[in-house]
Amino acid sequence: MRIATWNVNSLRARLDRTLNYLREHQVDVLALQETKVKDEVFPDGAFEEAGYQAAHHGFNQWNGVAVVSRIGLEDVRTAFPGQPDFAKPGEAPQVEARALGADCGGVTVWSLYVPHGRGREDPHMAYKLRFLHALADDAAAWLARNPSAQIALVGDFNVAPLDTDVWDPQAFEGLTHTSAAERAALDALTGAGFREVTREHLPAERLYTQWDYQQLRFAKDQGMRIDFAFCSPALAERVTSVSIVRDERKGKGASDHVPVELTIE
DNA sequence: ATGACTCATTACATGAGA
């Protein structure tokens, strides 16, 4: 069984790439982030033709998360229980389209798009920290209820846990993604009993999952490692290999992120 | 170096991303 996660940065701009990727990599379950599409125009039909069911959650051109599966798709949840809301200036608070969970082939897969933060003093940063801590609280409760639960929390976490997860730590000083508060918030997931399996299987330094579009970052291999997979203990035991699909960043029309795959026995 | 980021939008400039 293969589960993958990918911040696709607009599904409509990359539908062909997505379908080709599913086929070429024999993916059973794909968690997508930043689909940038509202539910009414989500391309269900294209996934059906490829043999996949799809569950999507998106209000507008921002955010948007999906799980597509060819091994079953049940009990779709469009937010985690404690997921915080966010109020844009002059607007009512909204629980944004940043989490979608579904049961696929005996595994509960959550596609997660953690808020960016925008700046250390920005209200969006407090939202980001609330989001991660609330997720960790829920994750701990799920494990307390069922210690042998099969749960994968995958997606774009927008935190670089180690200095070697960014191409130049000094370039991020005072900005987002590398602060102690962000790293502590992400650590809360391991505190909840989950294991970040991509690091376990790929411990090498400077393995990136995202390269900015600007400044020829990919050509210079100046990226960030911010896409991860936190698995419940019972599921982590079943992971036999992890792959970062670097080739997907190449060529015209690439997302700034690449897929990360888990192979599970 | 003749270029220098990409996406979506009641679009042709702006917001958002990282």
# chains A, B, ... in the order shown; residues from 1 in each chain; ligands from 1

call {"tool": "residues_around", "arguments": {"residues": "Ala79 in chain A", "least_positions_apart": "5", "cutoff": "10 Å", "atoms": "only C-alpha atoms (C1' of nucleotides)", "output": "list in words"}}
result
His57, Pro84, Val95, Glu96, Ala97, Arg98, Ala99, Leu100, Gly101, Trp110, Ser111 and Leu112 of chain A

call {"tool": "residues_around", "arguments": {"residues": "Lys36 in chain A", "least_positions_apart": "2", "cutoff": "8 Å", "atoms": "only C-alpha atoms (C1' of nucleotides)", "output": "list of chain:residue names"}}
result
A:Asn9, A:Ser10, A:Leu11, A:Glu34, A:Lys38, A:Gly58, A:Asn60, A:Gln61, A:Trp62, A:Asn63, A:Gly64, B:DA8

call {"tool": "residues_around", "arguments": {"residues": "Ser232 in chain A", "least_positions_apart": "4", "cutoff": "7 Å", "atoms": "only C-alpha atoms (C1' of nucleotides)", "output": "number ranges by chain"}}
result
A: 149-152, 193-195, 236

call {"tool": "write_last_selection", "arguments": {"atoms": "N, CA and C atoms", "output": "CSV table (one decimal), in the first residue's frame"}}
result
chain,number,residue,atom,x,y,z
A,149,ALA,N,-4.6,2.5,16.9
A,149,ALA,CA,-5.2,3.1,15.7
A,149,ALA,C,-4.2,3.3,14.6
A,150,GLN,N,-4.7,3.2,13.4
A,150,GLN,CA,-3.9,3.4,12.2
A,150,GLN,C,-4.2,4.7,11.6
A,151,ILE,N,-3.3,5.7,11.9
A,151,ILE,CA,-3.6,7.1,11.6
A,151,ILE,C,-2.3,7.7,10.9
A,152,ALA,N,-2.5,8.4,9.8
A,152,ALA,CA,-1.4,9.1,9.2
A,152,ALA,C,-1.8,10.6,9.0
A,193,GLY,N,2.5,11.3,20.7
A,193,GLY,CA,2.8,9.8,20.5
A,193,GLY,C,2.9,9.5,19.0
A,194,PHE,N,2.9,10.4,18.2
A,194,PHE,CA,3.1,10.1,16.7
A,194,PHE,C,4.5,10.2,16.3
A,195,ARG,N,4.9,9.4,15.3
A,195,ARG,CA,6.2,9.3,14.8
A,195,ARG,C,6.3,9.9,13.4
A,236,ALA,N,3.2,3.4,12.0
A,236,ALA,CA,4.7,3.7,11.8
A,236,ALA,C,5.4,2.3,11.7

call {"tool": "atom_distance", "arguments": {"atom1": "CA of Phe228 in chain A", "atom2": "CA of Glu40 in chain A"}}
result
29.0 Å

call {"tool": "closest_atom_pairs", "arguments": {"of": "chain A", "to": "chain B", "cutoff": "12 Å", "atoms": "only C-alpha atoms (C1' of nucleotides)", "output": "CSV"}}
result
residue,atom,partner,partner_atom,distance
A:Asn7,CA,B:DG17,C1',11.6
A:Val8,CA,B:DC7,C1',11.0
A:Asn9,CA,B:DC7,C1',7.4
A:Ser10,CA,B:DC7,C1',6.9
A:Leu11,CA,B:DC7,C1',10.4
A:Arg12,CA,B:DC7,C1',10.2
A:Ala13,CA,B:DC7,C1',8.3
A:Arg14,CA,B:DC7,C1',11.0
A:Glu34,CA,B:DG17,C1',9.9
A:Thr35,CA,B:DC7,C1',10.5
A:Lys36,CA,B:DA8,C1',7.6
A:Val37,CA,B:DA8,C1',9.0
A:Lys38,CA,B:DA8,C1',11.3
A:Asn60,CA,B:DA8,C1',9.2
A:Gln61,CA,B:DA8,C1',5.9
A:Trp62,CA,B:DA16,C1',8.2
A:Asn63,CA,B:DA16,C1',10.0
A:Pro115,CA,B:DG17,C1',10.3
A:His116,CA,B:DA18,C1',7.8
A:Gly117,CA,B:DA18,C1',10.0
A:Arg118,CA,B:DA18,C1',8.8
A:Gly119,CA,B:DA18,C1',11.0
A:Asp156,CA,B:DA18,C1',11.3
A:Phe157,CA,B:DA18,C1',11.8
A:Asn158,CA,B:DA18,C1',8.4
A:Val159,CA,B:DA18,C1',10.5
A:Ala160,CA,B:DA18,C1',11.4
A:Val166,CA,B:DA18,C1',11.3
A:Phe172,CA,B:DA18,C1',10.5
A:Leu175,CA,B:DA18,C1',10.3
A:Thr176,CA,B:DA18,C1',8.7
A:His177,CA,B:DA18,C1',8.7
A:Thr178,CA,B:DA18,C1',11.9
A:Thr209,CA,B:DA18,C1',11.9
A:Gln210,CA,B:DA18,C1',8.6
A:Trp211,CA,B:DA18,C1',8.5
A:Asp212,CA,B:DA18,C1',6.4
A:Tyr213,CA,B:DC5,C1',4.6
A:Gln214,CA,B:DC5,C1',4.7
A:Gln215,CA,B:DA4,C1',7.4
A:Leu216,CA,B:DA4,C1',9.0
A:Arg217,CA,B:DC5,C1',10.2
A:Phe218,CA,B:DC5,C1',11.7
A:Gly223,CA,B:DA18,C1',9.8
A:Met224,CA,B:DA18,C1',9.0
A:Arg225,CA,B:DA18,C1',11.4
A:Ile226,CA,B:DA18,C1',10.2
A:Lys252,CA,B:DT6,C1',11.5
A:Gly253,CA,B:DT6,C1',9.2
A:Ala254,CA,B:DT6,C1',9.8
A:Ser255,CA,B:DT6,C1',8.9
A:Asp256,CA,B:DT6,C1',8.9
A:His257,CA,B:DA18,C1',10.3

call {"tool": "write_last_selection", "arguments": {"atoms": "C-alpha atoms", "output": "CSV table (one decimal), in the first residue's frame"}}
result
chain,number,residue,atom,x,y,z
A,7,ASN,CA,1.0,20.3,-1.9
A,8,VAL,CA,0.0,20.6,-5.6
A,9,ASN,CA,-0.4,24.4,-5.5
A,10,SER,CA,-3.5,24.5,-7.7
A,11,LEU,CA,-5.0,21.2,-8.8
A,12,ARG,CA,-6.5,22.7,-12.0
A,13,ALA,CA,-3.1,24.0,-13.1
A,14,ARG,CA,-1.6,20.5,-12.5
A,34,GLU,CA,-3.6,23.9,-1.8
A,35,THR,CA,-6.0,22.6,-4.4
A,36,LYS,CA,-7.1,26.2,-4.8
A,37,VAL,CA,-10.5,25.1,-6.1
A,38,LYS,CA,-14.0,25.3,-4.7
A,60,ASN,CA,-12.6,29.5,-2.8
A,61,GLN,CA,-9.2,30.1,-4.4
A,62,TRP,CA,-7.4,29.7,-1.1
A,63,ASN,CA,-6.2,26.6,0.6
A,115,PRO,CA,-1.2,28.0,8.0
A,116,HIS,CA,1.9,29.8,6.8
A,117,GLY,CA,2.2,32.3,9.6
A,118,ARG,CA,3.2,35.2,7.3
A,119,GLY,CA,5.5,36.9,9.9
A,156,ASP,CA,2.5,20.7,4.3
A,157,PHE,CA,3.3,21.6,7.9
A,158,ASN,CA,5.1,24.8,7.0
A,159,VAL,CA,7.7,24.3,9.7
A,160,ALA,CA,11.4,23.3,9.1
A,166,VAL,CA,16.5,25.0,5.1
A,172,PHE,CA,15.2,32.7,7.8
A,175,LEU,CA,11.0,35.2,9.6
A,176,THR,CA,8.7,32.2,9.6
A,177,HIS,CA,9.2,28.4,9.5
A,178,THR,CA,12.3,28.1,11.8
A,209,THR,CA,10.4,19.0,-0.4
A,210,GLN,CA,9.9,22.6,-1.5
A,211,TRP,CA,11.9,25.0,-3.6
A,212,ASP,CA,10.6,28.6,-4.0
A,213,TYR,CA,9.8,29.7,-7.6
A,214,GLN,CA,11.9,32.8,-7.2
A,215,GLN,CA,15.7,33.2,-7.5
A,216,LEU,CA,16.3,29.9,-9.4
A,217,ARG,CA,16.0,28.2,-6.0
A,218,PHE,CA,15.5,24.7,-7.5
A,223,GLY,CA,14.9,24.4,-0.7
A,224,MET,CA,13.1,23.6,2.5
A,225,ARG,CA,11.9,20.4,4.1
A,226,ILE,CA,8.4,21.2,5.4
A,252,LYS,CA,7.6,23.5,-17.0
A,253,GLY,CA,4.5,23.8,-14.8
A,254,ALA,CA,5.8,22.2,-11.6
A,255,SER,CA,4.4,22.8,-8.2
A,256,ASP,CA,6.9,24.4,-5.7
A,257,HIS,CA,6.4,21.3,-3.6

call {"tool": "atom_distance", "arguments": {"atom1": "CA of Lys88 in chain A", "atom2": "CA of Pro123 in chain A"}}
result
9.6 Å

call {"tool": "select_by_dssp", "arguments": {"residues": "range 51-229 of chain A", "states": "strand (DSSP E or B)", "output": "NGL selection string"}}
result
:A and (53-57 or 65-69 or 74-77 or 86 or 94 or 99-104 or 107-113 or 151-156 or 166 or 195-196 or 210 or 224 or 227-229)

call {"tool": "residues_around", "arguments": {"residues": "range 196-202 of chain A", "least_positions_apart": "5", "cutoff": "7 Å", "atoms": "only C-alpha atoms (C1' of nucleotides)", "output": "compact mmCIF listing (two decimals) with C-alpha atoms, in the first residue's frame"}}
result
# COMPACT_ATOMS: atom_id res chain seq x y z
CA PHE A 228 6.00 15.38 6.60
CA ALA A 229 4.09 12.28 7.70
CA PHE A 230 3.27 11.78 11.38
CA CYS A 231 2.05 8.22 11.92
CA ALA A 236 4.67 3.66 11.81
CA SER A 241 10.19 2.96 2.89
CA VAL A 242 9.76 6.67 2.20

call {"tool": "residues_around", "arguments": {"residues": "Asp137 in chain A", "least_positions_apart": "6", "cutoff": "9 Å", "atoms": "only C-alpha atoms (C1' of nucleotides)", "output": "ChimeraX atom specification"}}
result
/A:82,188-189,192

call {"tool": "atom_distance", "arguments": {"atom1": "CA of Asp39 in chain A", "atom2": "CA of Val27 in chain A"}}
result
22.8 Å

call {"tool": "residues_around", "arguments": {"residues": "Glu74 in chain A", "least_positions_apart": "5", "cutoff": "7 Å", "atoms": "only C-alpha atoms (C1' of nucleotides)", "output": "ChimeraX atom specification"}}
result
/A:102-104

call {"tool": "select_by_dssp", "arguments": {"residues": "range 44-118 of chain A", "states": "helix (DSSP H, G or I)", "output": "VMD selection string"}}
result
chain A and resid 44 to 49

call {"tool": "decode", "arguments": {"residues": "chain B", "atoms": "N, CA and C atoms (P, O5', C5', C4', C3', O3' and C1' of nucleotides)", "output": "short mmCIF file (atom, residue, chain, number, x, y, z; two decimals), in the first residue's frame"}}
result
data_model
loop_
_atom_site.label_atom_id
_atom_site.label_comp_id
_atom_site.auth_asym_id
_atom_site.auth_seq_id
_atom_site.Cartn_x
_atom_site.Cartn_y
_atom_site.Cartn_z
P DA B 1 26.55 38.27 -19.87
"O5'" DA B 1 24.99 38.36 -20.08
"C5'" DA B 1 24.47 38.53 -21.38
"C4'" DA B 1 22.97 38.65 -21.28
"C3'" DA B 1 22.48 39.63 -20.21
"O3'" DA B 1 21.28 40.23 -20.68
"C1'" DA B 1 21.55 37.56 -19.81
P DT B 2 21.27 41.58 -21.41
"O5'" DT B 2 19.93 41.29 -22.19
"C5'" DT B 2 18.92 42.23 -22.42
"C4'" DT B 2 17.83 41.49 -23.19
"C3'" DT B 2 17.26 40.29 -22.45
"O3'" DT B 2 15.90 40.21 -22.82
"C1'" DT B 2 17.99 39.61 -24.54
P DG B 3 14.73 40.13 -21.89
"O5'" DG B 3 15.14 39.00 -20.85
"C5'" DG B 3 14.70 37.66 -21.04
"C4'" DG B 3 14.62 36.97 -19.70
"C3'" DG B 3 13.59 37.55 -18.74
"O3'" DG B 3 13.03 36.45 -18.03
"C1'" DG B 3 15.73 37.78 -17.78
P DA B 4 11.82 36.66 -17.07
"O5'" DA B 4 12.49 36.71 -15.62
"C5'" DA B 4 13.11 35.55 -15.09
"C4'" DA B 4 13.73 35.91 -13.76
"C3'" DA B 4 12.75 36.64 -12.84
"O3'" DA B 4 12.86 36.11 -11.52
"C1'" DA B 4 14.70 37.92 -13.10
P DC B 5 11.59 36.20 -10.56
"O5'" DC B 5 10.69 35.04 -11.17
"C5'" DC B 5 11.13 33.70 -11.17
"C4'" DC B 5 9.98 32.82 -10.78
"C3'" DC B 5 8.84 32.82 -11.79
"O3'" DC B 5 8.48 31.46 -12.02
"C1'" DC B 5 8.00 33.37 -9.63
P DT B 6 7.44 31.09 -13.19
"O5'" DT B 6 6.11 30.88 -12.34
"C5'" DT B 6 6.05 29.81 -11.41
"C4'" DT B 6 4.71 29.85 -10.73
"C3'" DT B 6 3.51 29.96 -11.69
"O3'" DT B 6 2.72 28.80 -11.51
"C1'" DT B 6 3.30 31.44 -9.85
P DC B 7 1.54 28.48 -12.52
"O5'" DC B 7 0.27 28.87 -11.67
"C5'" DC B 7 -0.10 28.08 -10.54
"C4'" DC B 7 -1.09 28.85 -9.71
"C3'" DC B 7 -2.31 29.33 -10.48
"O3'" DC B 7 -3.35 28.39 -10.34
"C1'" DC B 7 -1.49 30.97 -8.93
P DA B 8 -4.67 28.59 -11.22
"O5'" DA B 8 -5.54 29.62 -10.37
"C5'" DA B 8 -6.04 29.24 -9.09
"C4'" DA B 8 -6.86 30.38 -8.54
"C3'" DA B 8 -7.95 30.84 -9.51
"O3'" DA B 8 -9.20 30.86 -8.87
"C1'" DA B 8 -6.54 32.68 -8.90
P DT B 9 -10.52 31.20 -9.68
"O5'" DT B 9 -10.73 32.75 -9.43
"C5'" DT B 9 -10.77 33.24 -8.09
"C4'" DT B 9 -10.75 34.75 -8.10
"C3'" DT B 9 -11.79 35.43 -9.01
"O3'" DT B 9 -12.44 36.45 -8.27
"C1'" DT B 9 -9.68 36.35 -9.41
P DT B 10 -13.94 36.30 -8.06
"O5'" DT B 10 -14.53 37.43 -9.01
"C5'" DT B 10 -14.44 37.27 -10.32
"C4'" DT B 10 -15.23 38.26 -11.10
"C3'" DT B 10 -14.98 39.75 -10.76
"O3'" DT B 10 -14.81 40.41 -11.97
"C1'" DT B 10 -17.24 39.23 -10.79
P DA B 11 -13.78 40.84 -12.90
"O5'" DA B 11 -12.60 41.35 -11.95
"C5'" DA B 11 -11.75 40.48 -11.24
"C4'" DA B 11 -10.28 40.87 -11.44
"C3'" DA B 11 -10.00 41.95 -12.47
"O3'" DA B 11 -8.97 42.77 -11.97
"C1'" DA B 11 -8.91 39.97 -13.12
P DC B 12 -8.76 44.19 -12.52
"O5'" DC B 12 -7.59 44.02 -13.58
"C5'" DC B 12 -6.25 43.87 -13.11
"C4'" DC B 12 -5.28 44.05 -14.25
"C3'" DC B 12 -5.35 45.38 -14.98
"O3'" DC B 12 -4.04 45.74 -15.33
"C1'" DC B 12 -5.63 43.64 -16.51
P DA B 13 -3.25 46.80 -14.71
"O5'" DA B 13 -3.19 46.58 -13.13
"C5'" DA B 13 -3.89 47.48 -12.28
"C4'" DA B 13 -4.07 46.89 -10.91
"C3'" DA B 13 -2.85 46.97 -10.01
"O3'" DA B 13 -3.31 47.38 -8.74
"C1'" DA B 13 -3.50 44.69 -10.25
P DT B 14 -2.47 47.51 -7.50
"O5'" DT B 14 -2.87 46.20 -6.70
"C5'" DT B 14 -4.24 46.01 -6.33
"C4'" DT B 14 -4.42 44.63 -5.76
"C3'" DT B 14 -3.49 44.29 -4.59
"O3'" DT B 14 -4.29 44.08 -3.45
"C1'" DT B 14 -3.69 42.48 -6.11
P DG B 15 -3.63 44.01 -2.03
"O5'" DG B 15 -3.82 42.48 -1.63
"C5'" DG B 15 -5.11 41.89 -1.67
"C4'" DG B 15 -4.95 40.40 -1.53
"C3'" DG B 15 -4.04 39.97 -0.37
"O3'" DG B 15 -4.72 38.95 0.31
"C1'" DG B 15 -3.30 38.99 -2.38
P DA B 16 -4.19 38.43 1.72
"O5'" DA B 16 -3.35 37.13 1.36
"C5'" DA B 16 -4.02 36.01 0.80
"C4'" DA B 16 -2.98 35.07 0.29
"C3'" DA B 16 -1.84 34.78 1.27
"O3'" DA B 16 -2.04 33.48 1.81
"C1'" DA B 16 -1.09 35.01 -1.01
P DG B 17 -1.09 32.84 2.87
"O5'" DG B 17 -0.03 32.08 1.96
"C5'" DG B 17 -0.50 31.06 1.07
"C4'" DG B 17 0.63 30.72 0.14
"C3'" DG B 17 1.94 30.29 0.83
"O3'" DG B 17 2.30 29.04 0.33
"C1'" DG B 17 2.36 31.80 -0.90
P DA B 18 2.87 27.90 1.36
"O5'" DA B 18 4.42 28.22 1.37
"C5'" DA B 18 5.23 27.77 0.32
"C4'" DA B 18 6.62 28.32 0.45
"C3'" DA B 18 7.25 28.18 1.84
"O3'" DA B 18 8.61 27.77 1.68
"C1'" DA B 18 7.36 30.41 1.18
#
